[in-house]
$ cat final.txt   # compact mmCIF, C-alpha atoms (C1' of nucleotides)
# COMPACT_ATOMS: atom_id res chain seq x y z
CA MET U 30 64.74 200.39 74.23
CA ASP U 31 67.77 201.91 72.60
CA GLU U 32 67.57 201.38 68.86
CA ASN U 33 71.12 202.58 68.36
CA VAL U 34 72.42 199.22 69.46
CA ARG U 35 75.60 198.02 67.85
CA TRP U 36 74.52 194.58 66.70
CA LEU U 37 77.08 191.83 66.45
CA SER U 38 79.12 191.48 63.29
CA ALA U 39 79.32 188.03 61.73
CA ALA U 40 82.74 187.49 63.28
CA GLU U 41 81.55 188.62 66.69
CA GLN U 42 78.49 186.47 66.46
CA GLU U 43 80.55 183.44 65.57
CA ALA U 44 82.92 183.92 68.50
CA TRP U 45 80.08 184.62 70.90
CA ARG U 46 78.17 181.51 69.93
CA ALA U 47 81.21 179.30 70.07
CA TYR U 48 81.88 180.62 73.56
CA LEU U 49 78.29 180.18 74.67
CA THR U 50 77.97 176.63 73.43
CA MET U 51 81.34 175.65 74.82
CA THR U 52 80.56 176.91 78.31
CA VAL U 53 77.20 175.18 78.42
CA ARG U 54 78.73 171.89 77.36
CA LEU U 55 81.71 172.13 79.70
CA ASP U 56 79.53 173.13 82.63
CA GLU U 57 77.43 170.04 82.09
CA VAL U 58 80.48 167.81 82.10
CA PHE U 59 81.98 169.26 85.25
CA ASP U 60 78.73 169.52 87.16
CA ARG U 61 77.65 166.03 86.26
CA GLY U 62 80.96 164.57 87.34
CA LEU U 63 80.86 166.30 90.69
CA ARG U 64 77.22 165.51 91.32
CA ARG U 65 78.12 161.85 91.23
CA GLN U 66 80.18 162.64 94.29
CA GLY U 67 77.37 164.54 95.96
CA LEU U 68 78.84 167.94 95.14
CA ASN U 69 78.60 170.45 92.34
CA LEU U 70 81.09 172.87 90.86
CA ALA U 71 80.17 175.69 93.24
CA TYR U 72 80.45 173.47 96.31
CA TYR U 73 83.70 171.99 95.11
CA GLU U 74 85.16 175.45 94.61
CA ILE U 75 84.17 176.40 98.14
CA LEU U 76 86.00 173.38 99.54
CA VAL U 77 89.03 174.11 97.37
CA ARG U 78 89.27 177.73 98.43
CA LEU U 79 88.93 176.82 102.07
CA SER U 80 91.58 174.13 101.74
CA GLU U 81 94.01 176.71 100.41
CA ALA U 82 93.38 179.28 103.11
CA ASP U 83 95.44 179.69 106.28
CA GLY U 84 93.96 177.44 108.92
CA ARG U 85 91.52 176.23 106.26
CA ARG U 86 89.18 179.00 107.27
CA LEU U 87 87.86 182.16 105.69
CA ARG U 88 85.36 184.88 106.42
CA MET U 89 82.15 184.35 104.48
CA SER U 90 82.71 187.54 102.50
CA ALA U 91 86.29 186.55 101.61
CA LEU U 92 85.13 183.10 100.60
CA ALA U 93 82.39 184.59 98.47
CA ALA U 94 84.91 186.78 96.68
CA ARG U 95 87.32 183.93 96.02
CA SER U 96 84.70 181.55 94.77
CA ALA U 97 83.01 184.14 92.56
CA SER U 98 79.80 183.68 94.51
CA SER U 99 77.15 186.02 95.79
CA ARG U 100 76.73 186.14 99.54
CA SER U 101 73.28 184.70 99.31
CA ARG U 102 74.44 181.75 97.26
CA LEU U 103 77.33 181.19 99.60
CA SER U 104 75.04 181.23 102.64
CA HIS U 105 72.79 178.60 101.09
CA ALA U 106 75.74 176.52 99.95
CA VAL U 107 77.55 176.67 103.28
CA ALA U 108 74.35 175.77 105.12
CA ARG U 109 74.12 172.66 102.99
CA LEU U 110 77.81 171.80 103.32
CA GLU U 111 77.50 172.24 107.06
CA GLU U 112 74.58 169.78 107.22
CA GLN U 113 76.80 167.29 105.47
CA GLY U 114 79.61 167.95 107.92
CA TYR U 115 82.09 169.31 105.40
CA VAL U 116 82.38 172.78 106.93
CA ARG U 117 81.37 174.48 110.13
CA ARG U 118 80.71 178.10 110.97
CA GLU U 119 82.20 180.05 113.84
CA VAL U 120 81.53 183.59 114.92
CA CYS U 121 84.24 185.96 113.83
CA PRO U 122 86.32 187.13 116.81
CA THR U 123 86.98 190.61 115.41
CA ASP U 124 83.55 191.43 114.02
CA ARG U 125 80.46 189.99 115.58
CA ARG U 126 78.48 190.44 112.39
CA GLY U 127 80.86 188.10 110.65
CA GLN U 128 81.08 184.37 110.36
CA VAL U 129 84.16 182.29 109.70
CA CYS U 130 83.72 179.21 107.58
CA VAL U 131 86.04 176.36 108.52
CA LEU U 132 86.82 173.26 106.46
CA THR U 133 86.40 170.17 108.63
CA ASP U 134 88.53 167.05 108.37
CA ALA U 135 85.56 165.35 106.76
CA GLY U 136 85.39 168.18 104.25
CA PHE U 137 89.07 167.90 103.47
CA ALA U 138 88.68 164.15 103.04
CA LYS U 139 85.73 164.70 100.71
CA LEU U 140 87.82 167.06 98.64
CA ARG U 141 90.61 164.51 98.32
CA GLU U 142 88.04 161.93 97.36
CA ALA U 143 86.34 164.04 94.71
CA ALA U 144 89.41 165.70 93.23
CA PRO U 145 90.82 162.90 91.04
CA ALA U 146 87.68 162.37 89.00
CA HIS U 147 87.09 166.10 88.73
CA VAL U 148 90.61 166.88 87.60
CA THR U 149 90.35 164.09 85.08
CA ASP U 150 87.13 165.61 83.76
CA VAL U 151 88.76 169.02 83.44
CA ARG U 152 91.72 167.53 81.65
CA GLU U 153 89.76 165.38 79.28
CA ALA U 154 87.03 167.84 78.43
CA LEU U 155 89.00 171.06 78.25
CA LEU U 156 92.77 170.85 78.62
CA ASP U 157 93.30 167.95 76.25
CA GLY U 158 91.44 169.84 73.56
CA LEU U 159 94.13 172.50 73.32
CA THR U 160 97.88 172.44 72.90
CA ALA U 161 99.97 173.91 75.70
CA ALA U 162 100.48 177.07 73.69
CA GLU U 163 96.79 177.35 72.90
CA LEU U 164 95.87 176.82 76.51
CA SER U 165 98.26 179.53 77.57
CA THR U 166 96.72 181.92 75.08
CA PHE U 167 93.24 180.92 76.15
CA GLY U 168 94.04 181.52 79.81
CA ASP U 169 95.54 184.90 78.99
CA LEU U 170 92.44 185.92 77.09
CA CYS U 171 90.20 184.85 79.97
CA ALA U 172 92.37 186.87 82.35
CA THR U 173 92.07 189.85 80.01
CA VAL U 174 88.30 189.59 80.07
CA LEU U 175 88.37 189.31 83.85
CA ARG U 176 90.40 192.48 84.16
CA HIS U 177 87.92 194.16 81.87
CA LEU U 178 85.04 193.01 84.08
CA ASP U 179 86.80 194.21 87.20
CA ALA U 180 87.49 197.60 85.66
CA ARG U 181 83.87 197.83 84.59
CA GLU U 182 82.50 197.23 88.04
CA GLY U 183 85.13 199.05 90.07
CA MET R 21 89.71 156.34 93.03
CA ASP R 22 92.53 156.44 90.55
CA GLU R 23 95.64 157.75 92.24
CA ASN R 24 97.51 158.04 88.95
CA VAL R 25 95.71 161.26 88.20
CA ARG R 26 97.63 163.84 86.24
CA TRP R 27 97.15 166.86 88.45
CA LEU R 28 97.15 170.29 86.91
CA SER R 29 100.43 172.08 86.36
CA ALA R 30 100.69 175.66 87.60
CA ALA R 31 100.09 176.95 84.09
CA GLU R 32 97.09 174.69 83.60
CA GLN R 33 95.68 175.65 86.93
CA GLU R 34 96.02 179.31 86.16
CA ALA R 35 94.24 178.99 82.82
CA TRP R 36 91.53 176.80 84.29
CA ARG R 37 90.78 179.19 87.12
CA ALA R 38 90.74 182.20 84.87
CA TYR R 39 88.28 180.39 82.65
CA LEU R 40 86.11 179.30 85.54
CA THR R 41 85.90 182.70 87.16
CA MET R 42 85.28 184.41 83.85
CA THR R 43 82.37 182.17 82.94
CA VAL R 44 80.71 182.55 86.32
CA ARG R 45 80.96 186.31 86.13
CA LEU R 46 79.80 186.54 82.53
CA ASP R 47 76.91 184.20 83.14
CA GLU R 48 75.72 186.39 85.96
CA VAL R 49 75.81 189.48 83.78
CA PHE R 50 73.91 187.92 80.90
CA ASP R 51 71.37 186.11 83.02
CA ARG R 52 70.66 189.10 85.17
CA GLY R 53 70.13 191.31 82.17
CA LEU R 54 67.70 188.91 80.56
CA ARG R 55 65.84 188.20 83.77
CA ARG R 56 64.91 191.85 83.90
CA GLN R 57 63.01 191.13 80.72
CA GLY R 58 61.37 188.02 82.12
CA LEU R 59 63.72 185.64 80.29
CA ASN R 60 67.01 183.96 80.95
CA LEU R 61 69.89 182.99 78.71
CA ALA R 62 68.47 179.55 77.93
CA TYR R 63 65.03 180.92 77.08
CA TYR R 64 66.52 183.69 74.98
CA GLU R 65 68.58 181.19 73.01
CA ILE R 66 65.47 179.13 72.34
CA LEU R 67 63.68 182.16 70.92
CA VAL R 68 66.73 183.09 68.86
CA ARG R 69 67.11 179.64 67.35
CA LEU R 70 63.44 179.48 66.50
CA SER R 71 63.55 182.92 64.93
CA GLU R 72 66.33 181.78 62.63
CA ALA R 73 64.62 178.58 61.52
CA ASP R 74 62.51 178.17 58.38
CA GLY R 75 58.95 179.04 59.27
CA ARG R 76 60.21 179.95 62.74
CA ARG R 77 59.61 176.37 63.77
CA LEU R 78 61.76 173.43 64.78
CA ARG R 79 61.34 169.91 66.05
CA MET R 80 62.00 169.72 69.78
CA SER R 81 65.05 167.55 69.24
CA ALA R 82 66.51 169.90 66.64
CA LEU R 83 65.87 172.85 68.90
CA ALA R 84 67.52 171.04 71.78
CA ALA R 85 70.60 170.38 69.69
CA ARG R 86 70.89 173.98 68.49
CA SER R 87 70.41 175.50 71.89
CA ALA R 88 72.81 173.08 73.61
CA SER R 89 70.00 171.92 75.84
CA SER R 90 68.95 168.55 77.15
CA ARG R 91 65.52 167.37 76.07
CA SER R 92 64.26 167.53 79.58
CA ARG R 93 65.37 171.09 80.04
CA LEU R 94 63.89 172.06 76.73
CA SER R 95 60.55 170.48 77.62
CA HIS R 96 60.38 172.42 80.83
CA ALA R 97 61.51 175.62 79.15
CA VAL R 98 59.11 175.33 76.25
CA ALA R 99 56.23 174.58 78.61
CA ARG R 100 56.98 177.82 80.39
CA LEU R 101 57.44 179.82 77.19
CA GLU R 102 54.15 178.41 75.94
CA GLU R 103 52.34 179.57 79.09
CA GLN R 104 53.67 183.04 78.38
CA GLY R 105 52.50 182.83 74.79
CA TYR R 106 55.93 183.09 73.20
CA VAL R 107 55.84 179.68 71.51
CA ARG R 108 53.28 177.00 70.78
CA ARG R 109 53.61 173.28 70.16
CA GLU R 110 52.15 171.35 67.27
CA VAL R 111 52.24 167.65 66.58
CA CYS R 112 54.82 166.74 63.98
CA PRO R 113 53.13 165.73 60.73
CA THR R 114 55.79 163.17 59.82
CA ASP R 115 56.37 161.53 63.19
CA ARG R 116 53.60 161.34 65.70
CA ARG R 117 56.07 161.00 68.55
CA GLY R 118 57.47 164.39 67.68
CA GLN R 119 56.47 167.92 68.50
CA VAL R 120 57.19 171.03 66.54
CA CYS R 121 57.89 174.18 68.48
CA VAL R 122 56.70 177.34 66.76
CA LEU R 123 57.69 180.91 67.60
CA THR R 124 54.56 183.04 67.92
CA ASP R 125 54.32 186.67 66.89
CA ALA R 126 54.34 187.55 70.57
CA GLY R 127 57.53 185.53 70.97
CA PHE R 128 59.15 187.27 68.05
CA ALA R 129 58.13 190.62 69.46
CA LYS R 130 59.56 189.65 72.84
CA LEU R 131 62.83 188.74 71.19
CA ARG R 132 63.02 192.11 69.45
CA GLU R 133 62.26 193.78 72.73
CA ALA R 134 64.88 191.90 74.73
CA ALA R 135 67.65 191.82 72.13
CA PRO R 136 69.05 195.37 72.37
CA ALA R 137 69.80 195.24 76.08
CA HIS R 138 71.17 191.72 75.80
CA VAL R 139 73.44 192.52 72.87
CA THR R 140 74.66 195.55 74.74
CA ASP R 141 75.46 193.38 77.75
CA VAL R 142 77.38 190.93 75.57
CA ARG R 143 79.30 193.72 73.96
CA GLU R 144 80.12 195.58 77.13
CA ALA R 145 80.97 192.59 79.30
CA LEU R 146 82.81 190.40 76.82
CA LEU R 147 83.46 191.80 73.36
CA ASP R 148 84.72 195.19 74.48
CA GLY R 149 87.27 193.47 76.68
CA LEU R 150 89.16 192.06 73.72
CA THR R 151 90.57 193.50 70.54
CA ALA R 152 89.15 192.21 67.26
CA ALA R 153 92.20 189.99 66.81
CA GLU R 154 91.96 188.66 70.34
CA LEU R 155 88.27 187.95 69.94
CA SER R 156 88.94 186.07 66.75
CA THR R 157 91.58 183.96 68.50
CA PHE R 158 89.28 183.42 71.43
CA GLY R 159 86.45 182.28 69.20
CA ASP R 160 88.76 179.91 67.36
CA LEU R 161 89.93 178.38 70.61
CA CYS R 162 86.36 177.89 71.77
CA ALA R 163 85.55 176.23 68.46
CA THR R 164 88.57 173.98 68.88
CA VAL R 165 87.36 172.91 72.31
CA LEU R 166 83.91 172.27 70.88
CA ARG R 167 85.30 170.01 68.17
CA HIS R 168 87.23 168.19 70.86
CA LEU R 169 84.05 167.71 72.88
CA ASP R 170 82.16 166.47 69.85
CA ALA R 171 84.90 164.01 69.00
CA ARG R 172 84.93 162.80 72.57
CA GLU R 173 81.23 162.06 72.63
CA GLY R 174 80.82 160.85 69.07
C1' DG F 23 77.39 210.06 122.25
C1' DC F 24 73.89 208.85 119.29
C1' DA F 25 71.21 208.39 115.17
C1' DA F 26 71.65 207.37 110.40
C1' DA F 27 73.99 204.94 107.05
C1' DC F 28 76.42 201.15 105.91
C1' DT F 29 78.12 196.27 106.07
C1' DC F 30 77.87 191.13 107.13
C1' DA F 31 75.24 187.49 106.60
C1' DT F 32 70.86 184.94 106.48
C1' DT F 33 66.18 183.74 105.06
C1' DG F 34 62.20 182.31 102.19
C1' DA F 35 59.56 182.42 97.98
C1' DG F 36 59.74 181.23 93.45
C1' DC F 37 61.73 179.28 89.55
C1' DG F 38 64.82 176.42 86.44
C1' DC F 39 67.52 172.44 86.08
C1' DT F 40 68.97 167.45 86.63
C1' DC F 41 67.99 162.79 86.99
C1' DA F 42 65.31 158.82 86.45
C1' DA F 43 61.11 156.96 85.18
C1' DT F 44 57.46 156.83 81.85
C1' DC F 45 54.54 156.79 77.69
C1' DA F 46 53.89 156.70 72.82
C1' DT F 47 55.55 155.81 68.44
C1' DT F 48 58.69 154.11 65.00
C1' DC F 49 62.49 151.27 63.40
C1' DC F 50 64.88 146.98 62.72
C1' DC F 51 65.42 142.51 61.24
C1' DG F 52 64.75 137.66 61.33
C1' DC G 1 54.83 140.91 59.13
C1' DG G 2 55.65 140.98 64.44
C1' DG G 3 57.98 141.75 68.66
C1' DG G 4 61.88 143.84 70.92
C1' DA G 5 64.88 147.76 70.76
C1' DA G 6 65.41 152.44 69.94
C1' DT G 7 63.76 157.21 69.68
C1' DG G 8 60.94 161.56 70.81
C1' DA G 9 59.29 163.93 74.31
C1' DT G 10 57.25 164.67 78.93
C1' DT G 11 56.79 164.46 83.95
C1' DG G 12 57.72 165.02 88.94
C1' DA G 13 60.77 165.00 92.86
C1' DG G 14 64.47 167.26 94.71
C1' DC G 15 67.80 170.71 94.92
C1' DG G 16 70.45 175.16 94.03
C1' DC G 17 70.12 179.80 92.70
C1' DT G 18 68.27 184.68 92.43
C1' DC G 19 66.02 188.45 94.33
C1' DA G 20 64.31 191.20 97.89
C1' DA G 21 63.61 191.71 102.60
C1' DT G 22 65.44 191.30 107.16
C1' DG G 23 68.24 191.15 111.47
C1' DA G 24 72.28 192.18 113.76
C1' DG G 25 76.44 194.81 114.39
C1' DT G 26 79.62 198.63 113.17
C1' DT G 27 81.06 203.05 111.34
C1' DT G 28 80.39 207.90 110.45
C1' DG G 29 79.42 212.67 111.23
C1' DC G 30 77.84 216.20 113.73
$ encode --input "final.txt" --output "structure tokens"
Amino acid sequence: MDENVRWLSAAEQEAWRAYLTMTVRLDEVFDRGLRRQGLNLAYYEILVRLSEADGRRLRMSALAARSASSRSRLSHAVARLEEQGYVRREVCPTDRRGQVCVLTDAGFAKLREAAPAHVTDVREALLDGLTAAELSTFGDLCATVLRHLDAREG
Amino acid sequence: MDENVRWLSAAEQEAWRAYLTMTVRLDEVFDRGLRRQGLNLAYYEILVRLSEADGRRLRMSALAARSASSRSRLSHAVARLEEQGYVRREVCPTDRRGQVCVLTDAGFAKLREAAPAHVTDVREALLDGLTAAELSTFGDLCATVLRHLDAREG
DNA sequence: GCAAACTCATTGAGCGCTCAATCATTCCCG
DNA sequence: CGGGAATGATTGAGCGCTCAATGAGTTTGC
């Protein structure tokens, strides 16, 4: 391997570890809360994105993009959500390769049921830990990293 | 459920989603990189924490705390790492309930082998996306959230 | 027009994680 | 002391995810 690696400085290491530990801890909180409702964060996000879409429906590829999911993961997840009656799949009218994922009434109801506890978790675990100004800064920095990631891949 | 939920404001929602998307994307990058080396982020962290400990050994519970892992996860992970020869377990001399996890020479070698590519991933995906000042702010905010989480649980 | 290349989505094997239950040992305190 | 509570760690069932392979449909280029 490349031995000309730029190792992390003390400051970089500190930031990196704080980030890493924080995400692991927060993920646990959010996932645990949603699992009590028979969902998880990925499934919840799928329902949210569908609920926001026109006609509460999206192409699988569009849904994958909006929920930061691989196609494979989305296929597995949607198969499971479909078994539970929260979504259904329809063939895409304009491209027979495609599938359209539709949020059912049961799925919408599940989302309304799960949302309060989840939002409370997000607020208590993350948002309440920062002032409004800090949160704004934090969000901006996350957005900056996201743009960096997009630029890197594109 | 509680209908007096404080839903997220637009600003909160924006920050929350940026955070969520960023972590999913970063996790993918880091995990994928390490999986090419036969590890994953959790396993890598275990090896790192052991490598930093006196005698390259830690009680399971101490290791769990430092790697932000549940005991169950750590047990499974260490069992796997032991199969691969990267760690071994010894009975704790001072508490017969306890186990001490020891990094083997092979484990240390594996860490040295995997580190360059991983550090490069961290740098390219995250650190390079922020200026030094931004990274410092970001790390501080993560630390603030961590203190909040600790206070919440303690 | 048609084959090759590409895209959409799914599938299954394999693995790691969570949750709850369990076992062994140690601590607490009356 | 002694017995119940607490702690340290493991286990197995069940599920979601990744990776690589695959099937089906569409686009491209000659």
$ closest_atom_pairs --input "final.txt" --of "chain R" --to "chain U" --cutoff "6 Å" --atoms "all atoms listed in the file" --output "tab-separated table"
residue	atom	partner	partner_atom	distance
R:Val25	CA	U:Pro145	CA	5.9
R:Ala35	CA	U:Gly168	CA	3.9
R:Ala38	CA	U:Ala172	CA	5.6
R:Tyr39	CA	U:Cys171	CA	5.5
R:Met42	CA	U:Leu175	CA	5.8
R:Pro136	CA	U:Val34	CA	5.9
R:Gly149	CA	U:Val174	CA	5.3
R:Gly159	CA	U:Ala44	CA	4.0
R:Cys162	CA	U:Tyr48	CA	5.5
R:Ala163	CA	U:Ala47	CA	5.6
R:Val165	CA	U:Gly158	CA	5.3
R:Leu166	CA	U:Met51	CA	5.8
R:His168	CA	U:Gly158	CA	5.3
$ write_last_selection --input "final.txt" --atoms "C-alpha atoms" --output "compact mmCIF listing (two decimals), keeping the file's coordinate frame"
# COMPACT_ATOMS: atom_id res chain seq x y z
CA VAL R 25 95.71 161.26 88.20
CA ALA R 35 94.24 178.99 82.82
CA ALA R 38 90.74 182.20 84.87
CA TYR R 39 88.28 180.39 82.65
CA MET R 42 85.28 184.41 83.85
CA PRO R 136 69.05 195.37 72.37
CA GLY R 149 87.27 193.47 76.68
CA GLY R 159 86.45 182.28 69.20
CA CYS R 162 86.36 177.89 71.77
CA ALA R 163 85.55 176.23 68.46
CA VAL R 165 87.36 172.91 72.31
CA LEU R 166 83.91 172.27 70.88
CA HIS R 168 87.23 168.19 70.86
$ atom_distance --input "final.txt" --atom1 "CA of Gln119 (chain R)" --atom2 "CA of Val68 (chain R)"
18.3 Å
$ closest_residue --input "final.txt" --among "R:Leu131, R:Val122, R:Val98, R:Ala153" --to "chain G" --atoms "only C-alpha atoms (C1' of nucleotides)"
R:Val98
$ interface_residues --input "final.txt" --of "chain U" --to "chain F" --cutoff "12 Å" --atoms "only C-alpha atoms (C1' of nucleotides)" --output "PyMOL selection string"
chain U and resi 57+60-61+64-65+69+88-91+93+99-108+118+120-121+124-130
$ atom_distance --input "final.txt" --atom1 "CA of Leu79 (chain U)" --atom2 "C1' of DC15 (chain G)"
23.1 Å
$ interface_residues --input "final.txt" --of "chain G" --to "chain R" --cutoff "10 Å" --atoms "all atoms listed in the file" --output "PyMOL selection string"
chain G and resi 7-11+18
$ write_last_selection --input "final.txt" --atoms "C-alpha atoms (C1' of nucleotides)" --output "compact mmCIF listing (two decimals), keeping the file's coordinate frame"
# COMPACT_ATOMS: atom_id res chain seq x y z
C1' DT G 7 63.76 157.21 69.68
C1' DG G 8 60.94 161.56 70.81
C1' DA G 9 59.29 163.93 74.31
C1' DT G 10 57.25 164.67 78.93
C1' DT G 11 56.79 164.46 83.95
C1' DT G 18 68.27 184.68 92.43
$ atom_distance --input "final.txt" --atom1 "C1' of DT27 (chain G)" --atom2 "CA of Asp83 (chain U)"
27.9 Å
$ axis_aligned_box --input "final.txt" --around "region 79-93 of chain R" --padding-each-side "3 Å" --output "lines of an AutoDock Vina configuration file"
center_x = 67.1
center_y = 171.4
center_z = 73.0
size_x = 17.5
size_y = 14.1
size_z = 20.0
